[in-house]
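Accompanying notes for the structure given below.
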Amino acid sequence: MTNPDTPSTDTQMNGQSLGIAEQRRKELEQLFPGIFTETRNDQGELKVTIDLERLKAELGEFTDLFDSRRERYGMDWPGKRDCLRLIQQPTTATLKPCREESVEFDTTENLFIEGDNLEVLKLLQKSYYGKVKMIYIDPPYNTGKEFIYPDNFSESLDTYLQYAGLKDSEGRTFSTNTANEGRFHTKWLNMMYPRLYLARNLLREDGVIFISIDDNEVENLRRMCDEIFGEENFIASVVWQKRTSPDSRFNLGAAHDYVLVYVRSELGQQLLKKLPLSHTRSSEYKNRDNDPRGPWASVDLTGQTGHATKDQFFEVITPSGKSYPPPDGRCWALAKKTYDELYADNRLWFGKDGNARPRLKKFLSESEGVNAWTWWSNSEVGDNQSSAKEIKKILGSSDIFDNPKPTRLIRRMLQLTVDDGDIVLDFFAGSATTGHAVVAHSLERNVSINYVLVQLPEKIDLDSPAGLFCQSNHLPMNIASVSKERLRRVLNGGAPAGQLELGDGVCRVGGFKVLKLNQSNFKLWQAPAKDVSDEELLQQMELNVDHIDPNASQEDLLYELLIKAGVMPTEKVEQVELAGHALFSVAEGSLLVHLEDNIDQPLIDAVLAKAPGQFICLDKAFHGNDQLKTNAVKTFESFNQGKEKIDQIDFKTV
């Protein structure tokens, strides 16, 4: 995004997503500064390299320098090296705002992003790095049916643009994967690995990821996640009962899927919540003795004798005077001193007549819920049949999506992880069940949880149920448009024929902002080849003098700058006037963006008076006036001198 006519300065934005390799190097430098060393290449140029043997020593592994042919345990497959290269390749794409397809565009903090999720995950690295509390994905199961994904590692954006009809096609399409292809599992692994790697970066330290999968790839997925998230961060392999009865096509038919659960770090495991009591369990709590602490349920007060102490063998006397020793073969679950304290606090129940063996009172007001386990039955979280009914109630047909997940399944995950203000990400959004579940959970708990959904605009056949739905509702013929329509109807109270009850009320909250993946609004300066002629170089420079897409609106430019400056695209945006210029004020003035074609010293002075954290303007607004631009740079440098780092202004041009 650099204008070649203007001298290059370090104030200019590079227009790329976060460089993963550079980020990792910075993190290593913080942890192990001693492993970086300077070496000279054959041309005598200095280069900073990593001393791998020193890194091993820092980690306590002292090995023979020349011992490089040891066998290692790990997971490998053809194409893995290309995956790693792909992860480290930044994207220059952008996300363009689409007001007409959004709901409450200016106030919502939810996002629906239409595009290839690999490119989108790269774009989200700066603005959502370490900010997502929960990720749920329902990726392709690799069952032998076709799924689509970018086939060309180096041209995924171009491939997507052609597939979505945003660029003239040159014959490239999204490829498919079927069971009769030779690299069946390899293609699936190549598709999943970079996406999971990038997704991990977005999780908070206490973040959790849930991944739905079936028997076809559960083993490969587990090993891949062990490598990406760390084997020590594996929490559980949940078995979800997806059918009421086994598949009738087989004598031994599967009636379940899996949900793999990993955390970002040990902190995530410590913060997993208990599940709320069900209505059935809550109804068991009654106040039989009018205790001022409210309803309670009684539990057994005896225990096994295996690790019992002598203090757990004593005789108790009931209020009616009846004596009870521990039952044969058992002991009391607590010592005599603790028993006496509970008795004095009226926390023991001896039956209505006061002469029964004592039980411990557990108060509903003190209950933290129940521990979750790894068997999730359809009666608790729904199944394929209940999710089909859910879709039919909202969209009028149960056949529009193939095996969508029930909202109760996602709500179980939300119950275990999120709190008020948290962010949930689903980059295989499909039928938008995650968005629906987040809204329902927010209503039920009276909290505000925000979602980011990413969905490929996968094309659909005209005569399919989804195609007929799109035609009858005048929607674009792709899955993403159906997903957005589901969210709109949920936000409007459900299906047109009636209201959809969610939690304790009707869902009329939320909104979502639609962003669409597209090529950058800025022409990128390409370094010329070594053998380029002067005439060719001049021609390339002339093409890049006006480096902004003439079809791009100011709002298009603004959202590209927000994403690439590391600002969340859900931040509040206002239009303000300073020194006779129109500017965008983002996040209560912490960022000021000037996108007009002219800039002057009075505006620079007015920005300094506001003292935002960042100020971004167009490079072409200086009209080649290098003196004005140099003065602007010096003015900001002078302002920043003597200021605390948090008070300084980061000045950038594009």
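Simple scheme: letters A, B, ... for chains in structure tokens order, numbers from 1 for residues in each chain, numbers from 1 for ligands in the order shown.
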
Close residues, A:Asn473 itself excluded, 12 Å, only C-alpha atoms, min 2 positions apart in chain, as a PDB file with N, CA and C atoms, in the first residue's frame:
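Final file, out_17.pdb:
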ATOM      1  N   LEU A 395     -36.864 -22.041   9.107  1.00  0.00           N
ATOM      2  CA  LEU A 395     -36.771 -21.817   7.667  1.00  0.00           C
ATOM      3  C   LEU A 395     -37.892 -22.469   6.863  1.00  0.00           C
ATOM      4  N   GLY A 396     -38.703 -23.293   7.511  1.00  0.00           N
ATOM      5  CA  GLY A 396     -39.840 -23.894   6.813  1.00  0.00           C
ATOM      6  C   GLY A 396     -39.570 -25.227   6.179  1.00  0.00           C
ATOM      7  N   ALA A 466     -32.165 -26.267  -0.573  1.00  0.00           N
ATOM      8  CA  ALA A 466     -31.544 -24.973  -0.281  1.00  0.00           C
ATOM      9  C   ALA A 466     -31.693 -24.027  -1.461  1.00  0.00           C
ATOM     10  N   GLY A 467     -31.569 -24.577  -2.689  1.00  0.00           N
ATOM     11  CA  GLY A 467     -31.727 -23.751  -3.877  1.00  0.00           C
ATOM     12  C   GLY A 467     -33.147 -23.215  -4.020  1.00  0.00           C
ATOM     13  N   LEU A 468     -34.120 -24.064  -3.760  1.00  0.00           N
ATOM     14  CA  LEU A 468     -35.521 -23.625  -3.826  1.00  0.00           C
ATOM     15  C   LEU A 468     -35.814 -22.575  -2.762  1.00  0.00           C
ATOM     16  N   PHE A 469     -35.209 -22.750  -1.582  1.00  0.00           N
ATOM     17  CA  PHE A 469     -35.391 -21.756  -0.520  1.00  0.00           C
ATOM     18  C   PHE A 469     -34.825 -20.407  -0.950  1.00  0.00           C
ATOM     19  N   CYS A 470     -33.631 -20.414  -1.544  1.00  0.00           N
ATOM     20  CA  CYS A 470     -33.004 -19.167  -1.993  1.00  0.00           C
ATOM     21  C   CYS A 470     -33.852 -18.486  -3.065  1.00  0.00           C
ATOM     22  N   GLN A 471     -34.377 -19.280  -3.993  1.00  0.00           N
ATOM     23  CA  GLN A 471     -35.193 -18.691  -5.054  1.00  0.00           C
ATOM     24  C   GLN A 471     -36.466 -18.055  -4.494  1.00  0.00           C
ATOM     25  N   LEU A 475     -32.682 -14.855  -2.513  1.00  0.00           N
ATOM     26  CA  LEU A 475     -31.356 -14.838  -1.919  1.00  0.00           C
ATOM     27  C   LEU A 475     -30.319 -15.318  -2.925  1.00  0.00           C
ATOM     28  N   PRO A 476     -29.058 -14.890  -2.795  1.00  0.00           N
ATOM     29  CA  PRO A 476     -27.988 -15.446  -3.630  1.00  0.00           C
ATOM     30  C   PRO A 476     -27.891 -16.950  -3.438  1.00  0.00           C
ATOM     31  N   MET A 477     -27.501 -17.643  -4.487  1.00  0.00           N
ATOM     32  CA  MET A 477     -27.522 -19.107  -4.471  1.00  0.00           C
ATOM     33  C   MET A 477     -26.252 -19.668  -3.825  1.00  0.00           C
ATOM     34  N   SER A 481     -25.644 -17.323   2.269  1.00  0.00           N
ATOM     35  CA  SER A 481     -26.850 -16.486   2.258  1.00  0.00           C
ATOM     36  C   SER A 481     -27.981 -17.134   3.054  1.00  0.00           C
ATOM     37  N   VAL A 482     -28.044 -18.470   3.031  1.00  0.00           N
ATOM     38  CA  VAL A 482     -29.064 -19.171   3.832  1.00  0.00           C
ATOM     39  C   VAL A 482     -28.736 -19.042   5.323  1.00  0.00           C
ATOM     40  N   GLU A 485     -29.787 -15.713   6.527  1.00  0.00           N
ATOM     41  CA  GLU A 485     -31.242 -15.614   6.634  1.00  0.00           C
ATOM     42  C   GLU A 485     -31.735 -16.290   7.910  1.00  0.00           C
ATOM     43  N   ARG A 486     -31.099 -17.393   8.288  1.00  0.00           N
ATOM     44  CA  ARG A 486     -31.475 -18.027   9.555  1.00  0.00           C
ATOM     45  C   ARG A 486     -31.253 -17.062  10.719  1.00  0.00           C
ATOM     46  N   PRO A 496     -41.339 -16.916  10.105  1.00  0.00           N
ATOM     47  CA  PRO A 496     -42.360 -15.904   9.793  1.00  0.00           C
ATOM     48  C   PRO A 496     -43.730 -16.235  10.360  1.00  0.00           C
TER      49      PRO A 496
END

Got a sec: who's within 9 Å of A:Thr107, counting only C-alpha atoms, leaving out chain neighbours fewer than 6 positions off, as a VMD selection string? chain A and resid 510 to 513 570 to 572

Can you list, as a VMD selection string, every protein, DNA or RNA residue that comes within 8 Å of stretch 397-413 of chain A when you count only C-alpha atoms, leaving out same-chain residues fewer than 6 positions away? chain A and resid 136 210 275 380 to 384 386 to 391 430 to 431 433 to 434 436 to 438 441 464 to 466 469

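The shortest atom-to-atom distance to A:Leu342, with only C-alpha atoms taken into account, belongs to A:Leu301 out of A:Tyr141, A:Leu301, A:Leu603, A:Lys322.
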
Could you tell me how far atom CA of A:Pro326 sits from atom CA of A:Tyr285, in Å to one decimal place?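 The value is 26.0 Å.
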
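Closest approach to A:Gly493 among A:His547, A:Lys187, A:Lys393, A:His474 is made by A:Lys393 (distances from only C-alpha atoms).
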
Quick one: residues within 12 Å of A:Leu260, only C-alpha atoms counted, chain neighbours fewer than 2 positions away excluded, as a PDB file with N, CA, C and O atoms, in the first residue's frame?
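Below is the file that was written, selection_18.pdb:
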ATOM      1  N   ILE A 135     -13.865 -21.568  20.777  1.00  0.00           N
ATOM      2  CA  ILE A 135     -14.002 -21.887  19.356  1.00  0.00           C
ATOM      3  C   ILE A 135     -14.787 -23.184  19.243  1.00  0.00           C
ATOM      4  O   ILE A 135     -14.500 -24.152  19.956  1.00  0.00           O
ATOM      5  N   TYR A 136     -15.778 -23.188  18.380  1.00  0.00           N
ATOM      6  CA  TYR A 136     -16.436 -24.443  18.010  1.00  0.00           C
ATOM      7  C   TYR A 136     -16.412 -24.556  16.498  1.00  0.00           C
ATOM      8  O   TYR A 136     -16.729 -23.582  15.794  1.00  0.00           O
ATOM      9  N   ILE A 137     -16.007 -25.703  15.992  1.00  0.00           N
ATOM     10  CA  ILE A 137     -16.074 -25.953  14.550  1.00  0.00           C
ATOM     11  C   ILE A 137     -16.657 -27.333  14.285  1.00  0.00           C
ATOM     12  O   ILE A 137     -16.463 -28.266  15.053  1.00  0.00           O
ATOM     13  N   ASP A 138     -17.376 -27.393  13.199  1.00  0.00           N
ATOM     14  CA  ASP A 138     -17.947 -28.646  12.688  1.00  0.00           C
ATOM     15  C   ASP A 138     -17.411 -28.802  11.269  1.00  0.00           C
ATOM     16  O   ASP A 138     -18.111 -28.538  10.293  1.00  0.00           O
ATOM     17  N   VAL A 208     -10.874 -22.291  25.044  1.00  0.00           N
ATOM     18  CA  VAL A 208     -11.190 -23.700  24.820  1.00  0.00           C
ATOM     19  C   VAL A 208     -11.677 -23.876  23.384  1.00  0.00           C
ATOM     20  O   VAL A 208     -12.397 -23.013  22.861  1.00  0.00           O
ATOM     21  N   ILE A 209     -11.280 -24.963  22.732  1.00  0.00           N
ATOM     22  CA  ILE A 209     -11.778 -25.285  21.396  1.00  0.00           C
ATOM     23  C   ILE A 209     -12.493 -26.627  21.435  1.00  0.00           C
ATOM     24  O   ILE A 209     -12.026 -27.586  22.054  1.00  0.00           O
ATOM     25  N   PHE A 210     -13.669 -26.682  20.797  1.00  0.00           N
ATOM     26  CA  PHE A 210     -14.464 -27.901  20.640  1.00  0.00           C
ATOM     27  C   PHE A 210     -14.530 -28.211  19.147  1.00  0.00           C
ATOM     28  O   PHE A 210     -14.847 -27.327  18.346  1.00  0.00           O
ATOM     29  N   ILE A 211     -14.269 -29.464  18.774  1.00  0.00           N
ATOM     30  CA  ILE A 211     -14.256 -29.853  17.362  1.00  0.00           C
ATOM     31  C   ILE A 211     -15.115 -31.099  17.180  1.00  0.00           C
ATOM     32  O   ILE A 211     -14.819 -32.152  17.756  1.00  0.00           O
ATOM     33  N   SER A 212     -16.163 -30.995  16.362  1.00  0.00           N
ATOM     34  CA  SER A 212     -16.995 -32.156  16.054  1.00  0.00           C
ATOM     35  C   SER A 212     -16.313 -33.001  14.985  1.00  0.00           C
ATOM     36  O   SER A 212     -15.729 -32.470  14.036  1.00  0.00           O
ATOM     37  N   ILE A 213     -16.415 -34.315  15.118  1.00  0.00           N
ATOM     38  CA  ILE A 213     -15.783 -35.219  14.157  1.00  0.00           C
ATOM     39  C   ILE A 213     -16.425 -36.599  14.315  1.00  0.00           C
ATOM     40  O   ILE A 213     -17.082 -36.875  15.323  1.00  0.00           O
ATOM     41  N   ASP A 214     -16.233 -37.467  13.311  1.00  0.00           N
ATOM     42  CA  ASP A 214     -16.722 -38.847  13.434  1.00  0.00           C
ATOM     43  C   ASP A 214     -15.551 -39.807  13.305  1.00  0.00           C
ATOM     44  O   ASP A 214     -14.388 -39.412  13.333  1.00  0.00           O
ATOM     45  N   ASP A 215     -15.851 -41.089  13.132  1.00  0.00           N
ATOM     46  CA  ASP A 215     -14.803 -42.110  13.146  1.00  0.00           C
ATOM     47  C   ASP A 215     -13.816 -41.992  11.991  1.00  0.00           C
ATOM     48  O   ASP A 215     -12.689 -42.476  12.097  1.00  0.00           O
ATOM     49  N   GLU A 217     -12.020 -39.550  10.732  1.00  0.00           N
ATOM     50  CA  GLU A 217     -10.784 -38.788  10.948  1.00  0.00           C
ATOM     51  C   GLU A 217     -10.500 -38.489  12.413  1.00  0.00           C
ATOM     52  O   GLU A 217      -9.614 -37.693  12.709  1.00  0.00           O
ATOM     53  N   VAL A 218     -11.223 -39.117  13.341  1.00  0.00           N
ATOM     54  CA  VAL A 218     -11.027 -38.765  14.745  1.00  0.00           C
ATOM     55  C   VAL A 218      -9.603 -39.077  15.199  1.00  0.00           C
ATOM     56  O   VAL A 218      -8.998 -38.315  15.980  1.00  0.00           O
ATOM     57  N   GLU A 219      -9.017 -40.160  14.709  1.00  0.00           N
ATOM     58  CA  GLU A 219      -7.656 -40.510  15.116  1.00  0.00           C
ATOM     59  C   GLU A 219      -6.660 -39.485  14.589  1.00  0.00           C
ATOM     60  O   GLU A 219      -5.793 -38.999  15.322  1.00  0.00           O
ATOM     61  N   ASN A 220      -6.770 -39.126  13.303  1.00  0.00           N
ATOM     62  CA  ASN A 220      -5.864 -38.134  12.733  1.00  0.00           C
ATOM     63  C   ASN A 220      -6.051 -36.761  13.375  1.00  0.00           C
ATOM     64  O   ASN A 220      -5.090 -36.037  13.614  1.00  0.00           O
ATOM     65  N   LEU A 221      -7.305 -36.408  13.650  1.00  0.00           N
ATOM     66  CA  LEU A 221      -7.573 -35.118  14.273  1.00  0.00           C
ATOM     67  C   LEU A 221      -6.958 -35.059  15.666  1.00  0.00           C
ATOM     68  O   LEU A 221      -6.368 -34.033  16.053  1.00  0.00           O
ATOM     69  N   ARG A 222      -7.075 -36.128  16.421  1.00  0.00           N
ATOM     70  CA  ARG A 222      -6.511 -36.157  17.780  1.00  0.00           C
ATOM     71  C   ARG A 222      -4.997 -35.969  17.735  1.00  0.00           C
ATOM     72  O   ARG A 222      -4.433 -35.170  18.492  1.00  0.00           O
ATOM     73  N   ARG A 223      -4.330 -36.660  16.849  1.00  0.00           N
ATOM     74  CA  ARG A 223      -2.870 -36.549  16.760  1.00  0.00           C
ATOM     75  C   ARG A 223      -2.457 -35.167  16.261  1.00  0.00           C
ATOM     76  O   ARG A 223      -1.462 -34.600  16.722  1.00  0.00           O
ATOM     77  N   MET A 224      -3.222 -34.624  15.330  1.00  0.00           N
ATOM     78  CA  MET A 224      -2.916 -33.299  14.811  1.00  0.00           C
ATOM     79  C   MET A 224      -3.093 -32.239  15.898  1.00  0.00           C
ATOM     80  O   MET A 224      -2.273 -31.326  16.040  1.00  0.00           O
ATOM     81  N   CYS A 225      -4.164 -32.350  16.676  1.00  0.00           N
ATOM     82  CA  CYS A 225      -4.403 -31.390  17.753  1.00  0.00           C
ATOM     83  C   CYS A 225      -3.377 -31.538  18.871  1.00  0.00           C
ATOM     84  O   CYS A 225      -2.996 -30.539  19.508  1.00  0.00           O
ATOM     85  N   ASP A 226      -2.919 -32.765  19.130  1.00  0.00           N
ATOM     86  CA  ASP A 226      -1.857 -32.957  20.113  1.00  0.00           C
ATOM     87  C   ASP A 226      -0.617 -32.160  19.716  1.00  0.00           C
ATOM     88  O   ASP A 226       0.076 -31.588  20.560  1.00  0.00           O
ATOM     89  N   PHE A 229      -1.920 -28.029  19.723  1.00  0.00           N
ATOM     90  CA  PHE A 229      -2.312 -27.474  21.016  1.00  0.00           C
ATOM     91  C   PHE A 229      -1.484 -28.016  22.174  1.00  0.00           C
ATOM     92  O   PHE A 229      -1.464 -27.424  23.248  1.00  0.00           O
ATOM     93  N   ASN A 233      -2.684 -30.399  26.787  1.00  0.00           N
ATOM     94  CA  ASN A 233      -3.865 -29.528  26.786  1.00  0.00           C
ATOM     95  C   ASN A 233      -5.116 -30.233  26.262  1.00  0.00           C
ATOM     96  O   ASN A 233      -6.141 -29.573  26.046  1.00  0.00           O
ATOM     97  N   PHE A 234      -5.012 -31.529  26.049  1.00  0.00           N
ATOM     98  CA  PHE A 234      -6.205 -32.320  25.713  1.00  0.00           C
ATOM     99  C   PHE A 234      -7.065 -32.477  26.965  1.00  0.00           C
ATOM    100  O   PHE A 234      -6.575 -32.810  28.040  1.00  0.00           O
ATOM    101  N   ILE A 235      -8.361 -32.212  26.822  1.00  0.00           N
ATOM    102  CA  ILE A 235      -9.280 -32.304  27.952  1.00  0.00           C
ATOM    103  C   ILE A 235     -10.132 -33.562  27.880  1.00  0.00           C
ATOM    104  O   ILE A 235     -10.215 -34.323  28.836  1.00  0.00           O
ATOM    105  N   ALA A 236     -10.788 -33.781  26.731  1.00  0.00           N
ATOM    106  CA  ALA A 236     -11.705 -34.915  26.654  1.00  0.00           C
ATOM    107  C   ALA A 236     -12.079 -35.212  25.210  1.00  0.00           C
ATOM    108  O   ALA A 236     -11.975 -34.351  24.331  1.00  0.00           O
ATOM    109  N   SER A 237     -12.492 -36.436  24.996  1.00  0.00           N
ATOM    110  CA  SER A 237     -13.148 -36.838  23.756  1.00  0.00           C
ATOM    111  C   SER A 237     -14.594 -37.162  24.119  1.00  0.00           C
ATOM    112  O   SER A 237     -14.899 -38.235  24.636  1.00  0.00           O
ATOM    113  N   VAL A 238     -15.471 -36.208  23.876  1.00  0.00           N
ATOM    114  CA  VAL A 238     -16.876 -36.346  24.263  1.00  0.00           C
ATOM    115  C   VAL A 238     -17.600 -37.217  23.232  1.00  0.00           C
ATOM    116  O   VAL A 238     -17.378 -37.083  22.024  1.00  0.00           O
ATOM    117  N   VAL A 239     -18.442 -38.089  23.712  1.00  0.00           N
ATOM    118  CA  VAL A 239     -19.292 -38.890  22.833  1.00  0.00           C
ATOM    119  C   VAL A 239     -20.681 -38.259  22.832  1.00  0.00           C
ATOM    120  O   VAL A 239     -21.321 -38.145  23.878  1.00  0.00           O
ATOM    121  N   TRP A 240     -21.105 -37.819  21.645  1.00  0.00           N
ATOM    122  CA  TRP A 240     -22.421 -37.181  21.504  1.00  0.00           C
ATOM    123  C   TRP A 240     -23.382 -38.138  20.789  1.00  0.00           C
ATOM    124  O   TRP A 240     -23.099 -38.627  19.701  1.00  0.00           O
ATOM    125  N   ASP A 257     -21.318 -39.250  17.418  1.00  0.00           N
ATOM    126  CA  ASP A 257     -20.151 -38.540  16.917  1.00  0.00           C
ATOM    127  C   ASP A 257     -19.278 -38.190  18.109  1.00  0.00           C
ATOM    128  O   ASP A 257     -19.640 -38.445  19.260  1.00  0.00           O
ATOM    129  N   TYR A 258     -18.128 -37.593  17.821  1.00  0.00           N
ATOM    130  CA  TYR A 258     -17.224 -37.160  18.880  1.00  0.00           C
ATOM    131  C   TYR A 258     -17.119 -35.633  18.890  1.00  0.00           C
ATOM    132  O   TYR A 258     -17.305 -34.973  17.874  1.00  0.00           O
ATOM    133  N   TYR A 262      -9.942 -29.269  23.562  1.00  0.00           N
ATOM    134  CA  TYR A 262      -8.586 -28.854  23.926  1.00  0.00           C
ATOM    135  C   TYR A 262      -8.639 -27.445  24.517  1.00  0.00           C
ATOM    136  O   TYR A 262      -9.520 -26.655  24.174  1.00  0.00           O
ATOM    137  N   VAL A 263      -7.674 -27.147  25.370  1.00  0.00           N
ATOM    138  CA  VAL A 263      -7.544 -25.794  25.909  1.00  0.00           C
ATOM    139  C   VAL A 263      -6.265 -25.175  25.375  1.00  0.00           C
ATOM    140  O   VAL A 263      -5.353 -25.864  24.919  1.00  0.00           O
ATOM    141  N   THR A 374     -18.245 -37.073  29.837  1.00  0.00           N
ATOM    142  CA  THR A 374     -17.965 -37.184  28.400  1.00  0.00           C
ATOM    143  C   THR A 374     -19.041 -37.938  27.625  1.00  0.00           C
ATOM    144  O   THR A 374     -18.828 -38.258  26.447  1.00  0.00           O
ATOM    145  N   MET A 413     -21.628 -26.396  25.389  1.00  0.00           N
ATOM    146  CA  MET A 413     -20.247 -25.907  25.354  1.00  0.00           C
ATOM    147  C   MET A 413     -20.152 -24.496  25.935  1.00  0.00           C
ATOM    148  O   MET A 413     -19.203 -24.174  26.649  1.00  0.00           O
TER     149      MET A 413
END

Strand (DSSP E or B) positions in stretch 300-378 of chain A, given as a list in words: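 Listing strand (DSSP E or B) positions across stretch 300-378 of chain A yields Asp300, Thr302, Gly303, Gln304, Val316, Ile317, Ser323, Tyr324, Arg330, Cys331, Trp332, Leu348, Trp349, Arg359, Leu360, Lys361, Lys362, Phe363, Val370, Trp375 and Trp376 of chain A.
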
Save out the residues we just selected, C-alpha atoms, as a tab-separated table (two decimals), in the first residue's frame.
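Contents of selection-v7.tsv, as written:
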chain	number	residue	atom	x	y	z
A	300	ASP	CA	-25.56	-39.70	52.15
A	302	THR	CA	-21.40	-42.38	55.00
A	303	GLY	CA	-18.26	-43.39	53.14
A	304	GLN	CA	-16.01	-46.32	52.31
A	316	VAL	CA	-24.27	-40.25	66.57
A	317	ILE	CA	-27.33	-39.36	68.59
A	323	SER	CA	-28.26	-43.90	68.51
A	324	TYR	CA	-26.62	-44.71	65.14
A	330	ARG	CA	-18.76	-48.30	56.18
A	331	CYS	CA	-17.72	-45.24	58.15
A	332	TRP	CA	-18.94	-41.67	58.46
A	348	LEU	CA	-27.91	-32.25	59.05
A	349	TRP	CA	-31.27	-33.88	58.34
A	359	ARG	CA	-27.87	-36.99	55.94
A	360	LEU	CA	-26.09	-33.83	54.81
A	361	LYS	CA	-28.16	-30.85	53.59
A	362	LYS	CA	-26.94	-29.34	50.26
A	363	PHE	CA	-28.53	-25.95	49.65
A	370	VAL	CA	-22.86	-30.44	38.43
A	375	TRP	CA	-21.29	-38.80	27.52
A	376	TRP	CA	-23.73	-36.26	26.08

Let me make sure I understand: among A:Phe584, A:Leu55, A:Lys352, A:Asp328, which one has the smallest atom-to-atom distance to A:Asn290 if we use only C-alpha atoms?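 Comparing A:Phe584, A:Leu55, A:Lys352, A:Asp328 against A:Asn290, the winner is A:Lys352.
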
Please determine, counting only C-alpha atoms, which residue among A:Ser365, A:Thr186, A:Asn371, A:Ser298 has the shortest atom-to-atom distance to A:Met75.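 So, comparing all the options, the nearest one is A:Thr186.
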